[in-house]
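Step one of this worksheet: look at the structure below.
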Amino acid sequence: QEAIIAGIGQLPKHLRLSLTWDQSLEMRRHADITLAADLPIYFCDPHSPWQRGSNENTNGLLRQYFPKGTDLTAHTPTDLAMVAAELNGRPRQTLGWRTPAEALNDLLSPPQPTGDATTT
């Protein structure tokens with residue numbers, strides 16, 4: 001829970017609009033996260049993975065590194081960060097074949113002038 005709150009807190013406010021979660025036990029203290037991170041949390045309907053397709057795809061990618069049932073506490077934060085970096089550097093069809101890192105960078109970067117303005 002603390003790691004979720006810390007991670008959310010690192011994002012700019014305009015990227016912290018809401019969080020959608022499944023019906024898993026990890027979110028049993030979701031109200032604490034909502035209060036600490038000032039972030040509304042919504043839940044998908046049970047047995048409805050299509051309601052969070054990108055998340056389900058990411059879960060599948062994570063299973064390449066951590067088979068179902070893996071105890072993540074057996075891995076160091078460095079191990080987990082390495083996997084996150086690899087996945088964030090992998091192009092995704094849903095992002096127009098950009099990587100998640102590129103898409104996030106675009107969201108974090110200030111708008112650039114287009115150069116279309118005419119001068120008089």
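A note on labels: chains of the structure tokens are A, B, ... as shown, every chain counts residues from 1, and ligands are counted from 1 in their shown order.
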
Exercise. Could you pull the residues within 9 Å of segment 57-68 of chain A, counting only C-alpha atoms, minus those fewer than 6 positions along the same chain, as a list in words?
Worked result: Val83, Ala84 and Leu87 of chain A

For this session: Could you tell me, as a PyMOL selection string, which residues of chain A DSSP assigns to helix (DSSP H, G or I) when given the backbone?
Result: chain A and resi 2-9+13-15+25-27+30-37+49-63+72-74+77-88+93-95+100-108

For this session: Among the residues of chain A, find those DSSP assigns to strand (DSSP E) from the backbone and print them as JSON, numbers by chain.
Result: {"A": [19, 20, 21, 41, 42, 43]}

For C-alpha atoms, I'd like the residues from the last selection saved as a PDB file, in the first residue's frame.
ATOM      1  CA  LEU A  19      -7.266   4.328 -10.608  1.00  0.00           C
ATOM      2  CA  THR A  20      -9.233   1.329 -11.821  1.00  0.00           C
ATOM      3  CA  TRP A  21      -8.563  -1.973 -10.094  1.00  0.00           C
ATOM      4  CA  ILE A  41     -10.460   4.271  -7.027  1.00  0.00           C
ATOM      5  CA  TYR A  42     -12.955   2.369  -9.145  1.00  0.00           C
ATOM      6  CA  PHE A  43     -13.438  -1.365  -9.460  1.00  0.00           C
TER       7      PHE A  43
END

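Nearest-residue note for His14 of chain A: choosing from A:Pro49, A:Thr114, A:Leu108, A:Gln93, the minimum distance belongs to A:Leu108, counting only C-alpha atoms.
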